[in-house]
$ cat entry-v2.txt   # compact mmCIF, C-alpha atoms (C1' of nucleotides)
# COMPACT_ATOMS: atom_id res chain seq x y z
CA MET A 1018 8.30 -25.12 1.65
CA PRO A 1019 7.48 -22.30 -0.72
CA LYS A 1020 7.72 -18.97 1.04
CA THR A 1021 4.21 -17.66 1.40
CA PRO A 1022 3.88 -14.38 -0.46
CA ALA A 1023 2.34 -11.32 1.13
CA ILE A 1024 -1.41 -11.42 0.75
CA SER A 1025 -3.34 -8.20 0.95
CA ASP A 1026 -6.64 -7.60 2.63
CA ALA A 1027 -8.76 -7.89 -0.48
CA GLU A 1028 -6.74 -10.86 -1.64
CA TRP A 1029 -7.50 -12.72 1.56
CA ASP A 1030 -11.16 -12.86 0.67
CA VAL A 1031 -10.32 -14.53 -2.61
CA MET A 1032 -7.94 -16.98 -0.97
CA GLN A 1033 -10.46 -17.89 1.70
CA ALA A 1034 -12.98 -18.82 -0.98
CA LEU A 1035 -10.43 -21.08 -2.64
CA TRP A 1036 -9.26 -22.63 0.58
CA ASP A 1037 -12.86 -23.43 1.37
CA GLU A 1038 -13.27 -25.12 -1.99
CA SER A 1039 -11.06 -25.62 -4.99
CA PRO A 1040 -10.53 -25.67 -7.84
CA LEU A 1041 -12.93 -22.92 -8.81
CA THR A 1042 -13.32 -20.96 -11.99
CA ALA A 1043 -13.04 -17.19 -11.88
CA ASN A 1044 -16.80 -16.98 -12.03
CA ASP A 1045 -17.19 -19.39 -9.16
CA VAL A 1046 -15.00 -17.13 -7.10
CA VAL A 1047 -16.91 -14.08 -8.21
CA GLU A 1048 -20.14 -15.73 -7.11
CA ARG A 1049 -18.69 -16.45 -3.71
CA VAL A 1050 -17.09 -13.14 -2.91
CA ALA A 1051 -18.10 -10.36 -5.28
CA GLU A 1052 -21.58 -9.65 -4.05
CA LYS A 1053 -20.69 -10.27 -0.43
CA LYS A 1054 -18.01 -7.61 -0.71
CA GLY A 1055 -19.77 -5.34 -3.17
CA TRP A 1056 -17.02 -5.79 -5.72
CA ASN A 1057 -17.19 -5.56 -9.45
CA PRO A 1058 -16.42 -8.95 -11.05
CA ARG A 1059 -13.48 -7.27 -12.79
CA THR A 1060 -11.99 -6.60 -9.43
CA VAL A 1061 -12.11 -10.25 -8.54
CA LYS A 1062 -10.42 -11.17 -11.81
CA THR A 1063 -7.68 -8.70 -11.08
CA LEU A 1064 -7.14 -10.18 -7.66
CA LEU A 1065 -6.98 -13.69 -9.08
CA ASN A 1066 -4.37 -12.53 -11.55
CA ARG A 1067 -2.26 -10.90 -8.91
CA LEU A 1068 -2.44 -13.94 -6.71
CA VAL A 1069 -1.28 -16.12 -9.57
CA LYS A 1070 1.61 -13.76 -10.20
CA LYS A 1071 2.52 -13.89 -6.54
CA GLY A 1072 2.52 -17.64 -6.65
CA ALA A 1073 -0.32 -17.95 -4.16
CA LEU A 1074 -2.62 -19.52 -6.74
CA GLY A 1075 -2.14 -21.86 -9.64
CA PHE A 1076 -4.56 -22.84 -12.37
CA GLU A 1077 -5.21 -25.32 -15.12
CA ALA A 1078 -6.98 -24.30 -18.28
CA GLU A 1079 -10.28 -26.02 -18.80
CA GLY A 1080 -11.40 -25.11 -22.27
CA LYS A 1081 -11.39 -21.37 -22.47
CA ARG A 1082 -11.59 -20.83 -18.74
CA TYR A 1083 -9.28 -21.52 -15.85
CA ARG A 1084 -9.71 -23.51 -12.71
CA TYR A 1085 -7.81 -21.91 -9.88
CA ARG A 1086 -6.47 -23.54 -6.76
CA PRO A 1087 -4.26 -22.47 -3.88
CA ARG A 1088 -0.54 -23.13 -4.08
CA VAL A 1089 0.02 -22.16 -0.47
CA THR A 1090 -1.86 -23.59 2.47
CA ARG A 1091 -4.18 -21.61 4.64
CA GLU A 1092 -2.12 -22.68 7.64
CA GLU A 1093 1.07 -21.18 6.26
CA CYS A 1094 -0.66 -17.92 5.54
CA VAL A 1095 -2.45 -17.80 8.85
CA ARG A 1096 0.82 -18.34 10.62
CA ARG A 1097 2.50 -15.64 8.65
CA GLU A 1098 -0.25 -13.12 9.31
CA SER A 1099 -0.38 -14.09 12.93
CA ARG A 1100 3.31 -13.53 13.41
CA SER A 1101 3.09 -10.21 11.66
CA PHE A 1102 0.10 -9.07 13.70
CA LEU A 1103 1.66 -10.21 16.93
CA SER A 1104 4.94 -8.48 16.38
CA ARG A 1105 3.43 -5.28 15.05
CA VAL A 1106 0.76 -4.81 17.65
CA PHE A 1107 2.01 -6.66 20.70
CA GLY A 1108 5.72 -6.50 20.13
CA GLY A 1109 5.70 -10.25 19.67
CA ALA A 1110 4.36 -11.02 23.13
CA ALA A 1111 1.66 -13.62 22.73
CA GLY A 1112 0.77 -13.63 26.42
CA PRO A 1113 -0.67 -10.14 26.66
CA MET A 1114 -2.40 -10.50 23.31
CA LEU A 1115 -4.11 -13.66 24.45
CA ALA A 1116 -5.01 -12.12 27.77
CA GLN A 1117 -6.75 -9.28 26.03
CA PHE A 1118 -8.69 -11.50 23.70
CA VAL A 1119 -9.56 -14.07 26.28
CA ARG A 1120 -10.92 -11.27 28.40
CA GLU A 1121 -12.83 -9.40 25.73
CA ALA A 1122 -13.63 -11.59 22.77
CA PRO A 1123 -17.09 -13.05 22.49
CA LEU A 1124 -16.70 -16.72 23.34
CA THR A 1125 -19.28 -19.42 23.82
CA PRO A 1126 -19.15 -21.42 27.06
CA ASP A 1127 -18.05 -24.33 24.97
CA GLU A 1128 -15.15 -22.44 23.48
CA ILE A 1129 -14.12 -21.37 26.94
CA ARG A 1130 -14.11 -24.98 28.02
CA GLN A 1131 -12.01 -25.99 25.05
CA LEU A 1132 -9.48 -23.30 25.66
CA ARG A 1133 -9.20 -24.40 29.27
CA GLU A 1134 -8.54 -27.91 28.13
CA ILE A 1135 -5.79 -26.86 25.83
CA LEU A 1136 -4.21 -24.86 28.60
CA ASP A 1137 -4.55 -27.78 31.00
CA ARG A 1138 -2.71 -30.02 28.64
CA ARG A 1139 0.06 -27.50 28.20
CA GLN A 1140 0.37 -27.10 31.92
CA GLN A 1141 0.68 -30.86 32.35
CA LYS A 1142 3.36 -31.05 29.71
CA GLY A 1143 5.37 -28.43 31.50
CA LYS A 1144 5.23 -30.29 34.79
CA GLN A 1145 7.00 -33.51 33.83
CA PRO A 1146 10.34 -33.08 32.16
CA MET B 978 -14.10 9.37 20.16
CA PRO B 979 -11.82 10.25 17.28
CA LYS B 980 -11.84 7.47 14.71
CA THR B 981 -8.45 5.87 14.81
CA PRO B 982 -6.72 6.30 11.48
CA ALA B 983 -5.10 3.42 9.66
CA ILE B 984 -1.57 2.94 10.91
CA SER B 985 0.92 1.15 8.73
CA ASP B 986 3.53 -1.34 9.76
CA ALA B 987 6.40 1.08 9.94
CA GLU B 988 4.22 3.67 11.61
CA TRP B 989 3.38 1.25 14.40
CA ASP B 990 6.98 1.26 15.52
CA VAL B 991 6.89 5.00 15.87
CA MET B 992 3.57 4.97 17.70
CA GLN B 993 4.77 2.29 20.09
CA ALA B 994 7.69 4.45 21.08
CA LEU B 995 5.38 7.37 21.79
CA TRP B 996 2.87 5.26 23.65
CA ASP B 997 5.69 4.02 25.82
CA GLU B 998 6.75 7.56 26.58
CA SER B 999 5.61 10.97 25.48
CA PRO B 1000 6.04 13.70 24.57
CA LEU B 1001 9.23 13.02 22.65
CA THR B 1002 11.13 15.11 20.16
CA ALA B 1003 11.78 13.72 16.71
CA ASN B 1004 15.29 12.90 17.77
CA ASP B 1005 14.10 11.09 20.85
CA VAL B 1006 11.99 8.93 18.61
CA VAL B 1007 14.86 8.40 16.23
CA GLU B 1008 17.01 7.24 19.11
CA ARG B 1009 14.39 4.75 20.18
CA VAL B 1010 13.50 3.23 16.85
CA ALA B 1011 15.90 4.13 14.08
CA GLU B 1012 18.83 1.96 14.97
CA LYS B 1013 16.66 -0.88 16.18
CA LYS B 1014 14.99 -0.95 12.79
CA GLY B 1015 17.98 0.06 10.72
CA TRP B 1016 16.20 3.19 9.49
CA ASN B 1017 17.66 6.43 8.34
CA PRO B 1018 16.64 9.28 10.68
CA ARG B 1019 14.93 10.91 7.69
CA THR B 1020 12.65 7.97 7.48
CA VAL B 1021 11.55 8.44 11.05
CA LYS B 1022 10.85 12.11 10.40
CA THR B 1023 8.72 11.19 7.44
CA LEU B 1024 6.74 8.76 9.53
CA LEU B 1025 6.21 11.35 12.24
CA ASN B 1026 4.92 13.77 9.64
CA ARG B 1027 2.54 11.27 8.15
CA LEU B 1028 1.21 10.33 11.54
CA VAL B 1029 0.55 13.98 12.33
CA LYS B 1030 -1.27 14.36 9.04
CA LYS B 1031 -3.35 11.30 9.83
CA GLY B 1032 -4.24 12.73 13.19
CA ALA B 1033 -2.55 9.95 15.11
CA LEU B 1034 0.00 12.33 16.60
CA GLY B 1035 -0.05 15.89 17.77
CA PHE B 1036 2.81 18.17 18.73
CA GLU B 1037 3.71 21.39 20.42
CA ALA B 1038 6.63 23.45 19.22
CA GLU B 1039 9.39 23.79 21.75
CA GLY B 1040 11.74 26.35 20.32
CA LYS B 1041 12.65 25.17 16.90
CA ARG B 1042 11.82 21.58 17.57
CA TYR B 1043 8.59 19.72 18.20
CA ARG B 1044 7.45 17.52 20.99
CA TYR B 1045 5.19 14.81 19.67
CA ARG B 1046 2.53 12.90 21.53
CA PRO B 1047 -0.18 10.42 20.58
CA ARG B 1048 -3.66 11.68 19.86
CA VAL B 1049 -5.11 8.20 19.79
CA THR B 1050 -4.72 5.62 22.50
CA ARG B 1051 -2.82 2.42 22.10
CA GLU B 1052 -5.95 0.55 23.18
CA GLU B 1053 -8.03 1.99 20.37
CA CYS B 1054 -5.42 1.08 17.82
CA VAL B 1055 -4.85 -2.35 19.22
CA ARG B 1056 -8.55 -3.02 19.09
CA ARG B 1057 -8.79 -1.80 15.55
CA GLU B 1058 -5.90 -3.94 14.37
CA SER B 1059 -7.20 -6.90 16.27
CA ARG B 1060 -10.60 -6.67 14.70
CA SER B 1061 -9.05 -6.32 11.29
CA PHE B 1062 -6.72 -9.26 11.80
CA LEU B 1063 -9.48 -11.41 13.21
CA SER B 1064 -11.89 -10.76 10.41
CA ARG B 1065 -9.32 -11.05 7.65
CA VAL B 1066 -7.63 -14.20 8.80
CA PHE B 1067 -10.20 -16.01 10.90
CA GLY B 1068 -13.38 -14.66 9.41
CA GLY B 1069 -14.08 -12.95 12.70
CA ALA B 1070 -14.15 -16.11 14.77
CA ALA B 1071 -12.18 -15.45 17.92
CA GLY B 1072 -12.55 -18.99 19.23
CA PRO B 1073 -10.49 -20.77 16.58
CA MET B 1074 -7.95 -17.98 16.56
CA LEU B 1075 -7.42 -18.30 20.28
CA ALA B 1076 -7.31 -22.05 20.07
CA GLN B 1077 -4.50 -21.87 17.56
CA PHE B 1078 -2.46 -19.41 19.57
CA VAL B 1079 -3.07 -21.08 22.88
CA ARG B 1080 -1.85 -24.29 21.34
CA GLU B 1081 1.18 -22.94 19.50
CA ALA B 1082 2.35 -19.67 20.95
CA PRO B 1083 5.29 -19.68 23.30
CA LEU B 1084 3.84 -19.09 26.74
CA THR B 1085 5.48 -19.18 30.13
CA PRO B 1086 3.91 -21.39 32.78
CA ASP B 1087 2.89 -18.24 34.52
CA GLU B 1088 1.11 -16.89 31.50
CA ILE B 1089 -0.68 -20.17 31.14
CA ARG B 1090 -1.84 -19.90 34.71
CA GLN B 1091 -3.08 -16.36 34.18
CA LEU B 1092 -5.00 -17.30 31.09
CA ARG B 1093 -6.63 -20.13 32.97
CA GLU B 1094 -7.67 -17.74 35.65
CA ILE B 1095 -9.26 -15.37 33.22
CA LEU B 1096 -11.12 -18.24 31.65
CA ASP B 1097 -12.22 -19.49 35.04
CA ARG B 1098 -13.68 -16.14 35.87
CA ARG B 1099 -15.54 -16.01 32.61
CA GLN B 1100 -16.87 -19.46 33.17
CA GLN B 1101 -18.14 -18.50 36.60
CA LYS B 1102 -19.83 -15.42 35.26
CA GLY B 1103 -21.67 -17.54 32.73
CA LYS B 1104 -22.98 -19.89 35.41
CA GLN B 1105 -24.95 -17.43 37.53
CA PRO B 1106 -27.54 -15.61 35.43
C1' DG C 471 -20.26 -16.59 -41.90
C1' DA C 472 -21.32 -12.21 -38.79
C1' DC C 473 -22.01 -10.49 -34.64
C1' DA C 474 -22.52 -10.85 -29.80
C1' DA C 475 -21.02 -12.75 -25.43
C1' DC C 476 -17.49 -14.28 -22.65
C1' DC C 477 -12.68 -14.96 -20.99
C1' DG C 478 -8.24 -14.01 -19.66
C1' DA C 479 -4.45 -10.31 -20.43
C1' DT C 480 -3.12 -5.77 -20.29
C1' DT C 481 -3.57 -1.18 -18.91
C1' DA C 482 -5.30 2.56 -15.72
C1' DC C 483 -5.02 5.30 -12.01
C1' DA C 484 -5.28 7.28 -7.40
C1' DT C 485 -3.54 6.04 -2.63
C1' DC C 486 -0.71 4.19 0.59
C1' DT C 487 3.88 2.54 2.03
C1' DG C 488 8.72 2.18 2.60
C1' DT C 489 12.54 4.69 2.33
C1' DA C 490 14.79 8.73 1.63
C1' DA C 491 16.84 13.32 -0.37
C1' DT C 492 16.50 18.29 -0.89
C1' DA C 493 14.92 22.97 0.37
C1' DG C 494 14.05 26.54 3.47
C1' DA C 495 14.05 28.59 8.02
C1' DT C 496 16.50 29.25 12.13
C1' DT C 497 19.84 29.06 15.44
C1' DA C 498 24.31 28.39 17.46
C1' DC C 499 29.29 29.14 16.94
C1' DG C 500 33.24 31.38 15.85
C1' DC D 586 27.90 39.13 11.21
C1' DG D 587 28.60 35.00 8.42
C1' DT D 588 28.75 30.25 8.06
C1' DA D 589 27.69 25.83 9.60
C1' DA D 590 24.58 22.88 11.93
C1' DT D 591 19.93 21.64 12.86
C1' DC D 592 14.98 21.42 12.39
C1' DT D 593 10.81 20.91 9.97
C1' DA D 594 8.49 20.98 5.30
C1' DT D 595 8.36 19.56 0.75
C1' DT D 596 9.44 16.56 -2.84
C1' DA D 597 10.88 11.90 -4.79
C1' DC D 598 10.05 7.64 -6.36
C1' DA D 599 9.20 2.79 -6.86
C1' DG D 600 6.24 -0.96 -5.44
C1' DA D 601 1.75 -2.53 -3.36
C1' DT D 602 -3.27 -1.97 -3.15
C1' DG D 603 -8.07 -1.07 -4.19
C1' DT D 604 -10.89 -0.80 -7.79
C1' DA D 605 -11.80 -1.06 -12.38
C1' DA D 606 -11.97 -0.45 -17.79
C1' DT D 607 -10.35 -1.84 -22.25
C1' DC D 608 -8.19 -5.08 -25.67
C1' DG D 609 -7.98 -9.15 -28.25
C1' DG D 610 -9.04 -13.79 -29.00
C1' DT D 611 -12.55 -17.59 -28.86
C1' DT D 612 -16.99 -19.31 -29.04
C1' DG D 613 -21.79 -19.77 -29.25
C1' DT D 614 -25.89 -18.10 -31.83
C1' DC D 615 -28.75 -16.89 -35.66
$ encode --input "entry-v2.txt" --output "structure tokens"
Amino acid sequence: MPKTPAISDAEWDVMQALWDESPLTANDVVERVAEKKGWNPRTVKTLLNRLVKKGALGFEAEGKRYRYRPRVTREECVRRESRSFLSRVFGGAAGPMLAQFVREAPLTPDEIRQLREILDRRQQKGKQP
Amino acid sequence: MPKTPAISDAEWDVMQALWDESPLTANDVVERVAEKKGWNPRTVKTLLNRLVKKGALGFEAEGKRYRYRPRVTREECVRRESRSFLSRVFGGAAGPMLAQFVREAPLTPDEIRQLREILDRRQQKGKQP
DNA sequence: GACAACCGATTACATCTGTAATAGATTACG
DNA sequence: CGTAATCTATTACAGATGTAATCGGTTGTC
């Protein structure tokens, strides 16, 4: 497993676009994130470059342009960010964090049902060792 | 409501100490976080200073030393970080985020029960319009 | 073939962060 | 009192970040 590099706020937007669909050319990425974020296309190019340097993205040349694609999975990065968030803000205690969100986050009835199911399954697992 | 300033990783450790107990002198804070984090006491002083400048901490002089205390609540900051984390990593969708954590986070049976209860209450609320 | 358009590479630059060290004021000790 | 110890304030400094602009090569256009 390649260690997932640190990915900054702005860089996340670029990664998300490429996790949603890849490979993409720089311009493809610009189309998907630049206007949404109010960024200059140059800014997006810079971010792509940095992400390549960090090893988070790779690319193949296609004629004079590049086609970028992730070299780290979204899951790895999500896990890393989650751990970091959890330890920074909740001292690593998932329970209280979840309690807060489950109490306050906007959730559809369906999502509530799904979460209950997941918890049910976990509870069952715990019962029969 | 004072806008909560951005609080960096290292600064969170200092804030947590002061949210747990305040006011504290610089040395009190050093005692609580420096060794745990392997920081030089100077580093803690720097962080205290920056947090004062940011408006996250206030202090009263007590003789030649200061007694620091938070000027923003933990809740505000937690909410801010949570929103930021959620939108960066999960595009703002709390449902999937919770699903992932509820599936993978280490939770005690008791925590699982509590989460179920919270969900139950929310489900009830939804039923009676 | 000349010039414009486009692309990636390099450079810019102010902030923020992590991590201290030094300076200056003050106080406590001998 | 004078000197050392102790505080806070100021300064340091490299790396990360946000946000671009410029350089240099390639290509498409007339």
$ residues_around --input "entry-v2.txt" --residues "region 1099-1105 of chain A" --least-positions-apart "4" --cutoff "8 Å" --atoms "only C-alpha atoms (C1' of nucleotides)" --output "list in words"
Val1095, Gly1109, Ala1110, Ala1111 and Met1114 of chain A; Asp986, Trp989, Asp990, Glu1058 and Phe1062 of chain B
$ interface_residues --input "entry-v2.txt" --of "chain C" --to "chain B" --cutoff "9 Å" --atoms "only C-alpha atoms (C1' of nucleotides)" --output "number ranges by chain"
C: 486-491, 496-497
$ residues_around --input "entry-v2.txt" --residues "DG494 (chain C)" --least-positions-apart "4" --cutoff "12 Å" --atoms "only C-alpha atoms (C1' of nucleotides)" --output "count of residues only"
4
$ residues_near_point --input "entry-v2.txt" --point "(2.3, -22.7, 3.3)" --cutoff "8 Å" --atoms "all atoms listed in the file" --output "PyMOL selection string"
chain A and resi 1018-1021+1088-1094
$ write_last_selection --input "entry-v2.txt" --atoms "C-alpha atoms" --output "PDB file, in the coordinates of the input"
ATOM      1  CA  MET A1018       8.300 -25.120   1.650  1.00  0.00           C
ATOM      2  CA  PRO A1019       7.480 -22.300  -0.720  1.00  0.00           C
ATOM      3  CA  LYS A1020       7.720 -18.970   1.040  1.00  0.00           C
ATOM      4  CA  THR A1021       4.210 -17.660   1.400  1.00  0.00           C
ATOM      5  CA  ARG A1088      -0.540 -23.130  -4.080  1.00  0.00           C
ATOM      6  CA  VAL A1089       0.020 -22.160  -0.470  1.00  0.00           C
ATOM      7  CA  THR A1090      -1.860 -23.590   2.470  1.00  0.00           C
ATOM      8  CA  ARG A1091      -4.180 -21.610   4.640  1.00  0.00           C
ATOM      9  CA  GLU A1092      -2.120 -22.680   7.640  1.00  0.00           C
ATOM     10  CA  GLU A1093       1.070 -21.180   6.260  1.00  0.00           C
ATOM     11  CA  CYS A1094      -0.660 -17.920   5.540  1.00  0.00           C
TER      12      CYS A1094
END
$ residues_around --input "entry-v2.txt" --residues "region 1118-1121 of chain A" --least-positions-apart "6" --cutoff "9 Å" --atoms "all atoms listed in the file" --output "number ranges by chain"
A: 1129; B: 1059, 1071, 1075, 1092, 1095-1096, 1099
$ interface_residues --input "entry-v2.txt" --of "chain B" --to "chain D" --cutoff "10 Å" --atoms "all atoms listed in the file" --output "CSV table (one decimal) with C-alpha atoms, keeping the file's coordinate frame"
chain,number,residue,atom,x,y,z
B,1003,ALA,CA,11.8,13.7,16.7
B,1022,LYS,CA,10.8,12.1,10.4
B,1026,ASN,CA,4.9,13.8,9.6
B,1040,GLY,CA,11.7,26.4,20.3
B,1041,LYS,CA,12.6,25.2,16.9
B,1042,ARG,CA,11.8,21.6,17.6
B,1043,TYR,CA,8.6,19.7,18.2
$ atom_distance --input "entry-v2.txt" --atom1 "C1' of DT485 (chain C)" --atom2 "CA of Lys1031 (chain B)"
13.5 Å
$ closest_residue --input "entry-v2.txt" --among "A:Val1031, A:Ser1039, A:Val1069, A:Ala1116" --to "Glu1094 (chain B)" --atoms "all atoms listed in the file"
A:Ala1116
$ atom_distance --input "entry-v2.txt" --atom1 "CA of Asp1137 (chain A)" --atom2 "CA of Gln1101 (chain B)"
17.4 Å
$ atom_distance --input "entry-v2.txt" --atom1 "CA of Arg1098 (chain B)" --atom2 "CA of Leu1124 (chain A)"
12.9 Å
$ closest_residue --input "entry-v2.txt" --among "A:Tyr1085, A:Phe1076, A:Trp1036, A:Phe1107" --to "chain B" --atoms "all atoms listed in the file"
A:Phe1107
$ closest_residue --input "entry-v2.txt" --among "B:Glu1012, B:Asp997, B:Glu1037, B:Gly1032" --to "chain A" --atoms "all atoms listed in the file"
B:Asp997
$ residues_around --input "entry-v2.txt" --residues "Asp1127 (chain A)" --least-positions-apart "6" --cutoff "10 Å" --atoms "all atoms listed in the file" --output "list in words"
Arg1133 of chain A; Gly1072 and Gln1100 of chain B
$ decode --input "entry-v2.txt" --residues "region 1069-1081 of chain B" --atoms "N, CA and C atoms" --output "PDB file, in the first residue's frame"
ATOM      1  N   GLY B1069     -20.414  16.855   1.733  1.00  0.00           N
ATOM      2  CA  GLY B1069     -21.515  17.371   2.539  1.00  0.00           C
ATOM      3  C   GLY B1069     -22.580  16.350   2.891  1.00  0.00           C
ATOM      4  N   ALA B1070     -22.429  15.141   2.394  1.00  0.00           N
ATOM      5  CA  ALA B1070     -23.461  14.128   2.656  1.00  0.00           C
ATOM      6  C   ALA B1070     -23.202  13.405   3.968  1.00  0.00           C
ATOM      7  N   ALA B1071     -23.985  13.725   4.963  1.00  0.00           N
ATOM      8  CA  ALA B1071     -23.781  13.128   6.276  1.00  0.00           C
ATOM      9  C   ALA B1071     -24.114  11.635   6.277  1.00  0.00           C
ATOM     10  N   GLY B1072     -25.124  11.262   5.509  1.00  0.00           N
ATOM     11  CA  GLY B1072     -25.564   9.865   5.500  1.00  0.00           C
ATOM     12  C   GLY B1072     -24.430   8.889   5.226  1.00  0.00           C
ATOM     13  N   PRO B1073     -23.783   9.011   4.088  1.00  0.00           N
ATOM     14  CA  PRO B1073     -22.696   8.082   3.758  1.00  0.00           C
ATOM     15  C   PRO B1073     -21.553   8.146   4.769  1.00  0.00           C
ATOM     16  N   MET B1074     -21.285   9.348   5.244  1.00  0.00           N
ATOM     17  CA  MET B1074     -20.217   9.465   6.238  1.00  0.00           C
ATOM     18  C   MET B1074     -20.555   8.631   7.454  1.00  0.00           C
ATOM     19  N   LEU B1075     -21.771   8.806   7.943  1.00  0.00           N
ATOM     20  CA  LEU B1075     -22.175   8.063   9.134  1.00  0.00           C
ATOM     21  C   LEU B1075     -22.181   6.567   8.866  1.00  0.00           C
ATOM     22  N   ALA B1076     -22.652   6.201   7.689  1.00  0.00           N
ATOM     23  CA  ALA B1076     -22.684   4.786   7.372  1.00  0.00           C
ATOM     24  C   ALA B1076     -21.290   4.190   7.478  1.00  0.00           C
ATOM     25  N   GLN B1077     -20.318   4.918   6.921  1.00  0.00           N
ATOM     26  CA  GLN B1077     -18.965   4.376   6.974  1.00  0.00           C
ATOM     27  C   GLN B1077     -18.470   4.212   8.407  1.00  0.00           C
ATOM     28  N   PHE B1078     -18.674   5.251   9.190  1.00  0.00           N
ATOM     29  CA  PHE B1078     -18.183   5.191  10.570  1.00  0.00           C
ATOM     30  C   PHE B1078     -18.925   4.139  11.380  1.00  0.00           C
ATOM     31  N   VAL B1079     -20.232   4.118  11.211  1.00  0.00           N
ATOM     32  CA  VAL B1079     -21.025   3.185  12.006  1.00  0.00           C
ATOM     33  C   VAL B1079     -20.628   1.748  11.660  1.00  0.00           C
ATOM     34  N   ARG B1080     -20.181   1.567  10.437  1.00  0.00           N
ATOM     35  CA  ARG B1080     -19.754   0.230  10.038  1.00  0.00           C
ATOM     36  C   ARG B1080     -18.356  -0.088  10.570  1.00  0.00           C
ATOM     37  N   GLU B1081     -17.456   0.915  10.526  1.00  0.00           N
ATOM     38  CA  GLU B1081     -16.052   0.584  10.768  1.00  0.00           C
ATOM     39  C   GLU B1081     -15.448   1.077  12.064  1.00  0.00           C
TER      40      GLU B1081
END
